[in-house]
>>> print(open('start-v1.txt').read())   # compact mmCIF, C-alpha atoms and all ligand atoms
# COMPACT_ATOMS: atom_id res chain seq x y z
CA MET G 44 57.37 148.72 127.80
CA LYS G 45 60.03 148.92 130.52
CA PHE G 46 57.94 151.57 132.29
CA ILE G 47 54.79 149.40 132.17
CA ASN G 48 56.75 146.41 133.48
CA SER G 49 58.09 148.46 136.38
CA ILE G 50 54.59 149.62 137.35
CA LEU G 51 53.32 146.02 137.22
CA VAL G 52 56.14 144.86 139.48
CA LYS G 53 55.33 147.63 142.00
CA PHE G 54 51.74 146.32 142.12
CA LEU G 55 52.94 142.74 142.59
CA ALA G 56 54.34 143.68 146.01
CA TYR G 57 50.73 144.16 147.21
CA PHE G 58 49.40 140.89 145.77
CA PRO G 59 48.77 137.80 147.95
CA LYS G 60 51.81 135.54 148.16
CA TRP G 61 50.20 132.67 146.24
CA MET G 62 49.77 134.97 143.24
CA VAL G 63 53.38 136.15 143.34
CA LYS G 64 54.85 132.67 143.76
CA PRO G 65 55.04 131.81 140.03
CA PHE G 66 57.06 135.00 139.49
CA ALA G 67 59.34 134.15 142.42
CA ALA G 68 59.92 130.57 141.31
CA PRO G 69 62.84 131.31 138.93
CA TYR G 70 64.86 133.06 141.67
CA VAL G 71 64.21 131.04 144.80
CA ALA G 72 65.03 127.34 145.09
CA GLY G 73 62.31 126.61 147.61
CA VAL G 74 60.92 127.35 151.02
CA THR G 75 62.23 124.20 152.71
CA VAL G 76 65.69 122.65 152.81
CA ASP G 77 64.35 119.50 151.12
CA GLU G 78 63.02 121.47 148.13
CA THR G 79 66.34 123.29 147.87
CA VAL G 80 68.44 120.14 148.02
CA LYS G 81 66.66 118.91 144.86
CA VAL G 82 67.54 122.12 143.02
CA VAL G 83 71.15 122.02 144.17
CA LYS G 84 71.51 118.39 143.06
CA LYS G 85 70.17 119.33 139.64
CA LEU G 86 72.63 122.21 139.32
CA ASN G 87 75.49 119.96 140.48
CA ASP G 88 74.48 117.37 137.86
CA GLN G 89 74.74 120.10 135.22
CA GLY G 90 78.28 120.88 136.35
CA TYR G 91 77.61 123.96 138.52
CA THR G 92 78.87 124.37 142.01
CA VAL G 93 76.63 126.22 144.47
CA THR G 94 76.52 128.53 147.44
CA MET G 95 73.34 128.21 149.53
CA ASP G 96 71.84 131.20 151.31
CA ILE G 97 69.00 131.24 153.82
CA LEU G 98 66.87 134.23 152.89
CA GLY G 99 66.36 136.99 155.42
CA GLU G 100 68.13 139.94 156.99
CA HIS G 101 67.92 142.39 159.90
CA VAL G 102 66.77 140.08 162.69
CA ARG G 103 65.47 142.06 165.65
CA SER G 104 66.09 139.74 168.60
CA LYS G 105 68.93 137.63 169.97
CA GLU G 106 66.67 134.57 170.01
CA GLU G 107 65.89 135.01 166.31
CA SER G 108 69.62 135.31 165.54
CA TYR G 109 70.29 132.04 167.45
CA ARG G 110 67.56 130.30 165.46
CA ILE G 111 69.15 131.43 162.18
CA ARG G 112 72.62 130.42 163.46
CA ASP G 113 71.31 126.92 164.14
CA GLU G 114 69.63 126.72 160.73
CA TYR G 115 72.97 127.59 159.13
CA ARG G 116 74.84 125.04 161.25
CA ASN G 117 72.29 122.43 160.23
CA LEU G 118 72.75 123.39 156.58
CA TYR G 119 76.36 122.16 156.69
CA ASP G 120 75.09 118.80 158.04
CA VAL G 121 72.64 118.62 155.13
CA ILE G 122 75.32 119.47 152.56
CA GLU G 123 77.49 116.69 153.96
CA LYS G 124 74.69 114.13 154.26
CA GLU G 125 73.34 114.80 150.75
CA LYS G 126 76.86 115.03 149.27
CA LEU G 127 76.12 118.42 147.70
CA ASP G 128 78.80 120.41 145.92
CA SER G 129 77.95 123.56 147.84
CA ASN G 130 79.23 126.00 150.37
CA VAL G 131 77.23 128.60 152.30
CA SER G 132 76.69 132.37 152.14
CA LEU G 133 75.15 134.45 154.90
CA LYS G 134 74.26 138.05 155.66
CA PRO G 135 75.62 139.53 158.93
CA THR G 136 72.35 141.34 159.78
CA HIS G 137 70.59 137.97 159.55
CA LEU G 138 72.88 136.84 162.37
CA GLY G 139 72.29 139.87 164.58
CA MET G 140 74.67 142.57 163.27
CA GLU G 141 72.05 145.30 163.66
CA ILE G 142 71.54 144.38 167.33
CA ASP G 143 75.23 144.05 168.18
CA PRO G 144 78.26 143.29 165.96
CA GLN G 145 79.66 141.12 168.77
CA LEU G 146 76.52 138.95 168.67
CA ALA G 147 76.86 138.58 164.87
CA GLN G 148 80.52 137.66 165.27
CA GLU G 149 79.79 134.96 167.86
CA ASN G 150 77.03 133.50 165.69
CA ILE G 151 79.19 133.57 162.55
CA LEU G 152 82.13 131.97 164.37
CA SER G 153 79.82 129.21 165.56
CA ILE G 154 78.71 128.61 161.95
CA LEU G 155 82.35 128.68 160.86
CA ASP G 156 83.14 125.92 163.38
CA LYS G 157 80.58 123.78 161.60
CA ALA G 158 82.11 124.62 158.20
CA GLN G 159 85.49 123.57 159.57
CA GLU G 160 84.07 120.30 160.90
CA TYR G 161 83.33 119.34 157.26
CA ASP G 162 86.27 121.15 155.65
CA ASN G 163 83.71 123.34 153.86
CA PHE G 164 83.76 127.09 153.13
CA LEU G 165 81.78 130.08 154.43
CA ARG G 166 81.13 133.34 152.58
CA ILE G 167 80.10 136.46 154.51
CA ASP G 168 78.01 138.63 152.18
CA MET G 169 78.42 142.41 152.20
CA GLU G 170 75.39 144.52 153.06
CA ASN G 171 75.03 148.32 153.03
CA SER G 172 77.76 150.73 154.12
CA PRO G 173 76.87 151.07 157.85
CA TYR G 174 78.00 147.44 158.14
CA THR G 175 81.13 147.44 155.95
CA ASP G 176 83.74 147.98 158.68
CA ASP G 177 82.14 145.50 161.08
CA THR G 178 81.80 142.88 158.33
CA ILE G 179 85.49 143.21 157.45
CA ALA G 180 86.38 143.00 161.16
CA ILE G 181 84.35 139.78 161.53
CA TYR G 182 85.93 138.35 158.39
CA LYS G 183 89.42 139.03 159.85
CA GLU G 184 88.42 137.41 163.14
CA CYS G 185 87.15 134.34 161.23
CA LEU G 186 90.42 134.13 159.28
CA LYS G 187 92.36 133.82 162.53
CA ARG G 188 90.42 130.65 163.26
CA TYR G 189 89.97 128.97 159.85
CA ASP G 190 91.21 129.67 156.30
CA LYS G 191 88.20 128.60 154.31
CA VAL G 192 86.23 131.79 154.76
CA GLY G 193 85.64 134.72 152.46
CA THR G 194 83.78 137.96 152.24
CA VAL G 195 82.44 140.29 149.53
CA PHE G 196 83.49 143.67 148.16
CA GLN G 197 81.35 146.06 146.15
CA ALA G 198 82.93 147.78 143.15
CA TYR G 199 80.67 150.83 143.53
CA LEU G 200 82.21 151.87 146.88
CA HIS G 201 85.09 154.38 146.66
CA ARG G 202 86.92 152.53 149.43
CA THR G 203 86.94 149.05 147.85
CA LEU G 204 90.31 148.91 146.08
CA ASN G 205 91.98 150.17 149.23
CA ASP G 206 90.23 147.51 151.33
CA ILE G 207 91.31 144.80 148.90
CA LYS G 208 94.90 146.06 148.92
CA LYS G 209 95.00 145.86 152.72
CA LEU G 210 93.78 142.27 152.78
CA ASP G 211 95.82 140.76 149.96
CA SER G 212 97.37 137.43 151.00
CA ASP G 213 97.28 133.81 149.87
CA LYS G 214 94.39 133.27 152.32
CA PHE G 215 92.36 136.15 150.92
CA ASN G 216 89.15 134.99 149.23
CA PHE G 217 86.55 137.52 148.18
CA ARG G 218 83.57 137.88 145.91
CA ILE G 219 83.52 141.04 143.84
CA CYS G 220 80.11 142.39 142.81
CA LYS G 221 78.86 145.78 141.68
CA GLY G 222 76.86 146.42 144.88
CA ILE G 223 73.12 146.32 145.28
CA TYR G 224 72.25 148.88 147.97
CA ARG G 225 71.46 152.57 147.65
CA GLU G 226 74.54 154.52 148.71
CA SER G 227 75.30 158.25 148.64
CA ASP G 228 77.49 160.05 146.07
CA GLN G 229 79.93 160.77 148.88
CA ILE G 230 80.93 157.12 149.18
CA ALA G 231 79.81 155.35 146.00
CA TYR G 232 80.05 155.62 142.23
CA HIS G 233 76.76 155.63 140.35
CA ASP G 234 77.89 155.83 136.76
CA LYS G 235 77.50 152.33 135.27
CA GLU G 236 80.65 152.60 133.15
CA VAL G 237 82.73 153.77 136.10
CA ILE G 238 81.44 150.88 138.24
CA ARG G 239 82.44 148.46 135.46
CA GLU G 240 85.93 150.00 135.29
CA LYS G 241 86.31 149.75 139.08
CA PHE G 242 85.09 146.14 138.99
CA ILE G 243 87.77 145.27 136.43
CA GLU G 244 90.42 147.17 138.41
CA ASP G 245 89.51 145.21 141.57
CA VAL G 246 89.65 141.86 139.75
CA GLN G 247 92.97 142.72 138.12
CA PHE G 248 94.54 143.89 141.37
CA ALA G 249 93.45 140.71 143.15
CA LEU G 250 94.58 138.38 140.38
CA ASN G 251 97.92 140.17 140.12
CA GLY G 252 98.16 139.65 143.87
CA LYS G 253 97.83 136.44 145.85
CA GLY G 254 94.14 135.98 146.60
CA TYR G 255 91.20 134.06 145.12
CA VAL G 256 88.35 135.99 143.46
CA ALA G 257 84.72 135.08 142.86
CA ILE G 258 83.60 137.23 139.94
CA ALA G 259 79.88 137.81 140.54
CA THR G 260 78.04 139.50 137.71
CA HIS G 261 75.43 138.89 135.01
CA ASP G 262 76.85 141.68 132.88
CA ILE G 263 77.98 139.74 129.82
CA PRO G 264 80.17 142.46 128.22
CA LEU G 265 81.91 142.79 131.60
CA ILE G 266 82.42 139.02 131.82
CA ASP G 267 83.83 139.10 128.26
CA LYS G 268 86.37 141.81 129.12
CA ILE G 269 87.48 140.03 132.28
CA GLU G 270 87.81 136.70 130.50
CA GLN G 271 89.92 138.30 127.75
CA TRP G 272 92.22 139.80 130.39
CA ILE G 273 92.44 136.48 132.25
CA ILE G 274 93.45 134.66 129.07
CA ALA G 275 95.91 137.36 127.99
CA ASN G 276 97.57 137.26 131.41
CA ASN G 277 97.61 133.50 131.68
CA ILE G 278 95.77 133.48 135.01
CA SER G 279 95.34 129.98 136.38
CA LYS G 280 91.76 128.70 136.60
CA ASN G 281 92.23 127.83 140.26
CA ARG G 282 92.62 131.52 141.19
CA PHE G 283 89.02 132.53 140.44
CA GLU G 284 85.45 131.46 139.75
CA PHE G 285 82.40 133.07 138.19
CA GLN G 286 79.24 133.44 140.25
CA VAL G 287 75.63 134.11 139.21
CA LEU G 288 72.35 134.36 141.08
CA TYR G 289 70.10 131.35 140.63
CA GLY G 290 67.47 132.02 137.98
CA VAL G 291 68.90 135.15 136.37
CA PRO G 292 68.80 134.53 132.60
CA MET G 293 72.31 134.50 131.09
CA GLY G 294 71.64 133.18 127.59
CA LYS G 295 74.31 130.76 126.44
CA ARG G 296 77.25 132.62 127.93
CA ILE G 297 77.38 130.84 131.28
CA LYS G 298 77.23 127.40 129.66
CA GLN G 299 80.08 128.44 127.36
CA LEU G 300 82.17 129.37 130.38
CA LEU G 301 81.36 126.03 131.97
CA THR G 302 82.40 124.19 128.81
CA LYS G 303 85.73 126.03 128.87
CA GLY G 304 86.43 124.51 132.27
CA TYR G 305 85.87 127.53 134.51
CA THR G 306 84.24 127.07 137.91
CA ILE G 307 80.72 128.52 137.89
CA ARG G 308 78.92 128.88 141.19
CA ASN G 309 75.19 129.49 141.48
CA TYR G 310 74.04 131.53 144.46
CA VAL G 311 70.94 129.64 145.56
CA PRO G 312 68.68 131.42 148.04
CA PHE G 313 65.84 129.67 149.81
CA GLY G 314 63.61 129.93 152.85
CA GLU G 315 60.49 131.46 154.23
CA ALA G 316 61.59 135.02 153.47
CA TRP G 317 61.29 134.35 149.70
CA PHE G 318 58.63 137.03 149.10
CA ASP G 319 60.68 140.21 149.76
CA TYR G 320 63.71 138.76 147.96
CA SER G 321 61.68 137.94 144.85
CA ILE G 322 60.06 141.36 144.70
CA ARG G 323 63.56 142.89 144.83
CA ARG G 324 64.74 140.63 141.97
CA LEU G 325 61.67 141.51 139.89
CA LYS G 326 62.23 145.22 140.48
CA GLU G 327 65.76 144.80 139.16
CA ASN G 328 64.58 143.06 136.04
CA PRO G 329 60.86 143.56 135.39
CA ASN G 330 61.19 141.86 131.98
CA ILE G 331 61.37 138.58 133.87
CA MET G 332 57.58 138.78 134.32
CA TRP G 333 57.01 138.11 130.64
CA TYR G 334 59.52 135.29 130.68
CA VAL G 335 57.61 133.67 133.60
CA LEU G 336 54.21 134.29 132.04
CA GLY G 337 55.51 132.73 128.82
CA ASN G 338 56.56 129.61 130.72
CA ILE G 339 53.20 129.37 132.48
CA PHE G 340 51.30 129.53 129.20
CA LYS G 341 53.65 127.10 127.48
CA LYS G 342 52.82 124.60 130.25
C1 LIG V 401 76.51 135.58 143.14
C2 LIG V 401 76.17 137.00 143.50
C3 LIG V 401 76.31 137.42 144.82
C4 LIG V 401 76.04 138.73 145.18
N1 LIG V 401 76.29 139.16 146.47
C5 LIG V 401 76.13 140.46 146.78
C6 LIG V 401 76.52 140.97 148.04
O1 LIG V 401 77.00 140.26 148.93
N2 LIG V 401 76.36 142.29 148.28
C7 LIG V 401 75.85 143.15 147.33
O2 LIG V 401 75.77 144.35 147.58
N3 LIG V 401 75.46 142.68 146.13
C8 LIG V 401 75.59 141.37 145.83
N4 LIG V 401 75.23 140.93 144.59
C9 LIG V 401 74.46 141.80 143.68
C10 LIG V 401 75.35 142.68 142.83
O3 LIG V 401 75.99 143.63 143.62
C11 LIG V 401 74.54 143.41 141.73
O4 LIG V 401 73.62 144.27 142.32
C12 LIG V 401 73.78 142.49 140.79
O5 LIG V 401 74.50 141.34 140.49
C13 LIG V 401 73.49 143.24 139.49
O6 LIG V 401 74.67 143.61 138.86
P1 LIG V 401 75.32 142.87 137.57
O7 LIG V 401 76.78 142.89 137.76
O8 LIG V 401 74.70 141.54 137.42
O9 LIG V 401 75.04 143.81 136.35
P2 LIG V 401 73.75 144.52 135.77
O10 LIG V 401 74.24 145.42 134.70
O11 LIG V 401 72.95 145.13 136.88
O12 LIG V 401 72.94 143.34 135.17
C14 LIG V 401 73.29 142.67 133.97
C15 LIG V 401 72.03 141.97 133.44
O13 LIG V 401 71.54 140.99 134.35
C16 LIG V 401 70.20 141.28 134.74
N5 LIG V 401 70.17 141.12 136.20
C17 LIG V 401 71.15 141.48 137.04
N6 LIG V 401 70.83 141.17 138.31
C18 LIG V 401 69.59 140.62 138.24
C19 LIG V 401 68.73 140.10 139.21
N7 LIG V 401 69.07 140.03 140.47
N8 LIG V 401 67.54 139.63 138.80
C20 LIG V 401 67.21 139.64 137.51
N9 LIG V 401 68.00 140.09 136.54
C21 LIG V 401 69.17 140.59 136.89
C22 LIG V 401 69.97 142.75 134.41
O14 LIG V 401 68.62 142.99 134.07
C23 LIG V 401 70.86 142.93 133.21
O15 LIG V 401 70.22 142.53 132.04
C24 LIG V 401 75.55 139.63 144.19
C25 LIG V 401 75.42 139.21 142.88
C26 LIG V 401 75.74 137.93 142.52
C27 LIG V 401 75.65 137.52 141.07
>>> encode(input="start-v1.txt", output="structure tokens", more="lines below")
Ligand SMILES: Cc1cc2nc3c(=O)[nH]c(=O)nc-3n(C[C@H](O)[C@H](O)[C@H](O)COP(=O)(O)OP(=O)(O)OC[C@H]3O[C@@H](n4cnc5c(N)ncnc54)[C@H](O)[C@@H]3O)c2cc1C
Amino acid sequence: MKFINSILVKFLAYFPKWMVKPFAAPYVAGVTVDETVKVVKKLNDQGYTVTMDILGEHVRSKEESYRIRDEYRNLYDVIEKEKLDSNVSLKPTHLGMEIDPQLAQENILSILDKAQEYDNFLRIDMENSPYTDDTIAIYKECLKRYDKVGTVFQAYLHRTLNDIKKLDSDKFNFRICKGIYRESDQIAYHDKEVIREKFIEDVQFALNGKGYVAIATHDIPLIDKIEQWIIANNISKNRFEFQVLYGVPMGKRIKQLLTKGYTIRNYVPFGEAWFDYSIRRLKENPNIMWYVLGNIFKK
């Protein structure tokens, strides 16, 4: 069944967009900001906090990077105006990293100025390994200007614990995730159990240190282990949060965490680049197709 699902998802990538849209709907809040605001308000009403992300990566021109910078700056205005409980996440290559890291830094600092204007927060996502050093460098540059900024570390990279150790401070705020890109054996772990162990190690190091950690995973046994450790070690709830991608089915577990008083943040992507993102999500979990089809037929 899994094999058939995977083949079907591969075919979906060649379908017209209007046919793929129902499959994308669970993962993407909308194409426009207005559509997305409605989704964010709904999540806020249910008790979830949010991080909004404009879909897209690897812009090829300076002009395009400026356009995205301005869209992100505008997003902070919208969050303020609509009184959303949300911060913002962005990808450095969407702001020009592939063209020139200096360009990405200038764009990100300009977005950070806007975050600061509203006392909001900015998260710099982590992309594949050619960008790791430059992303950390930009994050450090941002920290010099404003505290409410964070980045992301990937448990599958051999270097991660060392990077975290170097950055530990009471201003350090990072999201830990397993890592989504294809990386070589030379620099990354591929064994699922090892990645889980590293993930736990990273969380434990950070929570034994001074920083704040956003624990981003849908892996319920992993969440269970981390929660047990957090309780056993009496870690204060204001030192961490859990994060999930909008639309990924989590059963009852995430609601249980919410009921226990933990902060749960939904990563809510939106924008015109929804197609590629959704195909990626479906490739990760082809079973979602049947879930979507079920919903369509129930309607
Ligand atoms: C809030 C958030 C932010 C992230 N930011 C980054 C980042 O900046 N850089 C980066 O490299 N990676 C990022 N990721 C992705 C992350 O690295 C993993 O690739 C992804 O979360 C899958 O790993 P998992 O821990 O959920 O466990 P898995 O064992 O892969 O998944 C657990 C279960 O959830 C389902 N599932 C997991 N992910 C999805 C999905 N996307 N769609 C549908 N079903 C899914 C799986 O089918 C499985 O049943 C982020 C993830 C989250 C939750």
>>> residues_around(input="start-v1.txt", residues="stretch 223-229 of chain G", least_positions_apart="6", cutoff="12 Å", atoms="only C-alpha atoms", output="tab-separated table (two decimals) with C-alpha atoms, in the frame of the given file")
chain	number	residue	atom	x	y	z
G	168	ASP	CA	78.01	138.63	152.18
G	169	MET	CA	78.42	142.41	152.20
G	170	GLU	CA	75.39	144.52	153.06
G	171	ASN	CA	75.03	148.32	153.03
G	172	SER	CA	77.76	150.73	154.12
G	173	PRO	CA	76.87	151.07	157.85
G	174	TYR	CA	78.00	147.44	158.14
G	195	VAL	CA	82.44	140.29	149.53
G	196	PHE	CA	83.49	143.67	148.16
G	197	GLN	CA	81.35	146.06	146.15
G	198	ALA	CA	82.93	147.78	143.15
G	199	TYR	CA	80.67	150.83	143.53
G	200	LEU	CA	82.21	151.87	146.88
G	201	HIS	CA	85.09	154.38	146.66
G	202	ARG	CA	86.92	152.53	149.43
G	238	ILE	CA	81.44	150.88	138.24
G	259	ALA	CA	79.88	137.81	140.54
G	260	THR	CA	78.04	139.50	137.71
G	323	ARG	CA	63.56	142.89	144.83
G	324	ARG	CA	64.74	140.63	141.97
G	326	LYS	CA	62.23	145.22	140.48
G	327	GLU	CA	65.76	144.80	139.16
>>> atom_distance(input="start-v1.txt", atom1="atom CA of G:Gly222", atom2="atom P1 of ligand LIG 401 (chain V)")
8.3 Å
>>> axis_aligned_box(input="start-v1.txt", around="ligand LIG 401 (chain V)", padding_each_side="8 Å", output="lines of an AutoDock Vina configuration file")
center_x = 72.1
center_y = 140.5
center_z = 140.5
size_x = 25.8
size_y = 25.8
size_z = 32.9
>>> closest_residue(input="start-v1.txt", among="G:Leu204, G:Ile111, G:Ala257, G:Ile297", to="ligand LIG 401 (chain V)", atoms="all atoms listed in the file")
G:Ala257
>>> residues_around(input="start-v1.txt", residues="stretch 191-194 of chain G", least_positions_apart="5", cutoff="9 Å", atoms="only C-alpha atoms", output="mmCIF file with C-alpha atoms, in the frame of the given file")
data_model
loop_
_atom_site.group_PDB
_atom_site.id
_atom_site.type_symbol
_atom_site.label_atom_id
_atom_site.label_comp_id
_atom_site.auth_asym_id
_atom_site.auth_seq_id
_atom_site.Cartn_x
_atom_site.Cartn_y
_atom_site.Cartn_z
ATOM 1 C CA LEU G 155 82.350 128.680 160.860
ATOM 2 C CA ALA G 158 82.110 124.620 158.200
ATOM 3 C CA GLN G 159 85.490 123.570 159.570
ATOM 4 C CA ASP G 162 86.270 121.150 155.650
ATOM 5 C CA ASN G 163 83.710 123.340 153.860
ATOM 6 C CA PHE G 164 83.760 127.090 153.130
ATOM 7 C CA LEU G 165 81.780 130.080 154.430
ATOM 8 C CA ARG G 166 81.130 133.340 152.580
ATOM 9 C CA ILE G 167 80.100 136.460 154.510
ATOM 10 C CA ASP G 168 78.010 138.630 152.180
ATOM 11 C CA MET G 169 78.420 142.410 152.200
ATOM 12 C CA THR G 178 81.800 142.880 158.330
ATOM 13 C CA ILE G 179 85.490 143.210 157.450
ATOM 14 C CA TYR G 182 85.930 138.350 158.390
ATOM 15 C CA CYS G 185 87.150 134.340 161.230
ATOM 16 C CA LEU G 186 90.420 134.130 159.280
ATOM 17 C CA LYS G 214 94.390 133.270 152.320
ATOM 18 C CA PHE G 215 92.360 136.150 150.920
ATOM 19 C CA ASN G 216 89.150 134.990 149.230
ATOM 20 C CA PHE G 217 86.550 137.520 148.180
ATOM 21 C CA ARG G 218 83.570 137.880 145.910
ATOM 22 C CA ILE G 219 83.520 141.040 143.840
#
>>> closest_residue(input="start-v1.txt", among="G:Lys221, G:Lys253, G:Arg116, G:Arg239", to="G:Lys208", atoms="only C-alpha atoms")
G:Lys253
>>> closest_residue(input="start-v1.txt", among="G:Ile273, G:Met293, G:Leu138, G:Val121", to="ligand LIG 401 (chain V)", atoms="only C-alpha atoms and all ligand atoms")
G:Met293
>>> atom_distance(input="start-v1.txt", atom1="atom CA of G:Glu284", atom2="atom N7 of ligand LIG 401 (chain V)")
18.5 Å
>>> residues_around(input="start-v1.txt", residues="G:Pro135", least_positions_apart="2", cutoff="10 Å", atoms="all atoms listed in the file", output="ChimeraX atom specification")
/G:100-102,108,132-133,137-141,144,146-148,150-151,167-170,174,177-178,181
>>> closest_residue(input="start-v1.txt", among="G:Ile263, G:Glu244, G:Asn309, G:Glu114", to="G:Arg296", atoms="all atoms listed in the file")
G:Ile263
>>> closest_residue(input="start-v1.txt", among="G:Gly252, G:Leu98, G:Pro264, G:Glu125", to="G:Glu236", atoms="all atoms listed in the file")
G:Pro264
>>> build_atoms(input="start-v1.txt", residues="stretch 196-219 of chain G", atoms="N, CA and C atoms", output="PDB file, keeping the file's coordinate frame")
ATOM      1  N   PHE G 196      83.265 142.234 148.334  1.00  0.00           N
ATOM      2  CA  PHE G 196      83.490 143.670 148.160  1.00  0.00           C
ATOM      3  C   PHE G 196      82.654 144.176 146.988  1.00  0.00           C
ATOM      4  N   GLN G 197      82.261 145.455 147.130  1.00  0.00           N
ATOM      5  CA  GLN G 197      81.350 146.060 146.150  1.00  0.00           C
ATOM      6  C   GLN G 197      82.098 147.101 145.324  1.00  0.00           C
ATOM      7  N   ALA G 198      82.130 146.902 144.015  1.00  0.00           N
ATOM      8  CA  ALA G 198      82.930 147.780 143.150  1.00  0.00           C
ATOM      9  C   ALA G 198      82.435 149.227 143.195  1.00  0.00           C
ATOM     10  N   TYR G 199      81.169 149.451 143.548  1.00  0.00           N
ATOM     11  CA  TYR G 199      80.670 150.830 143.530  1.00  0.00           C
ATOM     12  C   TYR G 199      81.175 151.681 144.700  1.00  0.00           C
ATOM     13  N   LEU G 200      81.730 151.079 145.735  1.00  0.00           N
ATOM     14  CA  LEU G 200      82.210 151.870 146.880  1.00  0.00           C
ATOM     15  C   LEU G 200      83.602 152.450 146.585  1.00  0.00           C
ATOM     16  N   HIS G 201      83.784 153.736 146.898  1.00  0.00           N
ATOM     17  CA  HIS G 201      85.090 154.380 146.660  1.00  0.00           C
ATOM     18  C   HIS G 201      86.218 153.655 147.400  1.00  0.00           C
ATOM     19  N   ARG G 202      85.895 153.088 148.556  1.00  0.00           N
ATOM     20  CA  ARG G 202      86.920 152.530 149.430  1.00  0.00           C
ATOM     21  C   ARG G 202      87.448 151.149 148.991  1.00  0.00           C
ATOM     22  N   THR G 203      86.726 150.497 148.050  1.00  0.00           N
ATOM     23  CA  THR G 203      86.940 149.050 147.850  1.00  0.00           C
ATOM     24  C   THR G 203      88.367 148.647 147.483  1.00  0.00           C
ATOM     25  N   LEU G 204      88.970 149.346 146.509  1.00  0.00           N
ATOM     26  CA  LEU G 204      90.310 148.910 146.080  1.00  0.00           C
ATOM     27  C   LEU G 204      91.286 148.968 147.260  1.00  0.00           C
ATOM     28  N   ASN G 205      91.120 150.020 148.060  1.00  0.00           N
ATOM     29  CA  ASN G 205      91.980 150.170 149.230  1.00  0.00           C
ATOM     30  C   ASN G 205      91.777 149.015 150.220  1.00  0.00           C
ATOM     31  N   ASP G 206      90.516 148.639 150.436  1.00  0.00           N
ATOM     32  CA  ASP G 206      90.230 147.510 151.330  1.00  0.00           C
ATOM     33  C   ASP G 206      90.878 146.229 150.814  1.00  0.00           C
ATOM     34  N   ILE G 207      90.753 146.019 149.503  1.00  0.00           N
ATOM     35  CA  ILE G 207      91.310 144.800 148.900  1.00  0.00           C
ATOM     36  C   ILE G 207      92.836 144.796 149.051  1.00  0.00           C
ATOM     37  N   LYS G 208      93.433 145.974 148.819  1.00  0.00           N
ATOM     38  CA  LYS G 208      94.900 146.060 148.920  1.00  0.00           C
ATOM     39  C   LYS G 208      95.361 145.680 150.321  1.00  0.00           C
ATOM     40  N   LYS G 209      94.590 146.124 151.336  1.00  0.00           N
ATOM     41  CA  LYS G 209      95.000 145.860 152.720  1.00  0.00           C
ATOM     42  C   LYS G 209      94.915 144.377 153.075  1.00  0.00           C
ATOM     43  N   LEU G 210      94.025 143.662 152.383  1.00  0.00           N
ATOM     44  CA  LEU G 210      93.780 142.270 152.780  1.00  0.00           C
ATOM     45  C   LEU G 210      94.549 141.238 151.952  1.00  0.00           C
ATOM     46  N   ASP G 211      95.194 141.718 150.887  1.00  0.00           N
ATOM     47  CA  ASP G 211      95.820 140.760 149.960  1.00  0.00           C
ATOM     48  C   ASP G 211      96.766 139.777 150.673  1.00  0.00           C
ATOM     49  N   SER G 212      96.487 138.490 150.469  1.00  0.00           N
ATOM     50  CA  SER G 212      97.370 137.430 151.000  1.00  0.00           C
ATOM     51  C   SER G 212      96.933 136.127 150.331  1.00  0.00           C
ATOM     52  N   ASP G 213      97.697 135.057 150.517  1.00  0.00           N
ATOM     53  CA  ASP G 213      97.280 133.810 149.870  1.00  0.00           C
ATOM     54  C   ASP G 213      96.066 133.178 150.544  1.00  0.00           C
ATOM     55  N   LYS G 214      95.607 133.765 151.661  1.00  0.00           N
ATOM     56  CA  LYS G 214      94.390 133.270 152.320  1.00  0.00           C
ATOM     57  C   LYS G 214      93.177 134.129 151.953  1.00  0.00           C
ATOM     58  N   PHE G 215      93.430 135.185 151.216  1.00  0.00           N
ATOM     59  CA  PHE G 215      92.360 136.150 150.920  1.00  0.00           C
ATOM     60  C   PHE G 215      91.430 135.585 149.844  1.00  0.00           C
ATOM     61  N   ASN G 216      90.144 135.508 150.177  1.00  0.00           N
ATOM     62  CA  ASN G 216      89.150 134.990 149.230  1.00  0.00           C
ATOM     63  C   ASN G 216      87.966 135.937 149.273  1.00  0.00           C
ATOM     64  N   PHE G 217      87.701 136.603 148.173  1.00  0.00           N
ATOM     65  CA  PHE G 217      86.550 137.520 148.180  1.00  0.00           C
ATOM     66  C   PHE G 217      85.738 137.406 146.899  1.00  0.00           C
ATOM     67  N   ARG G 218      84.451 137.739 147.075  1.00  0.00           N
ATOM     68  CA  ARG G 218      83.570 137.880 145.910  1.00  0.00           C
ATOM     69  C   ARG G 218      83.553 139.358 145.560  1.00  0.00           C
ATOM     70  N   ILE G 219      83.691 139.656 144.267  1.00  0.00           N
ATOM     71  CA  ILE G 219      83.520 141.040 143.840  1.00  0.00           C
ATOM     72  C   ILE G 219      82.179 141.132 143.100  1.00  0.00           C
TER      73      ILE G 219
END
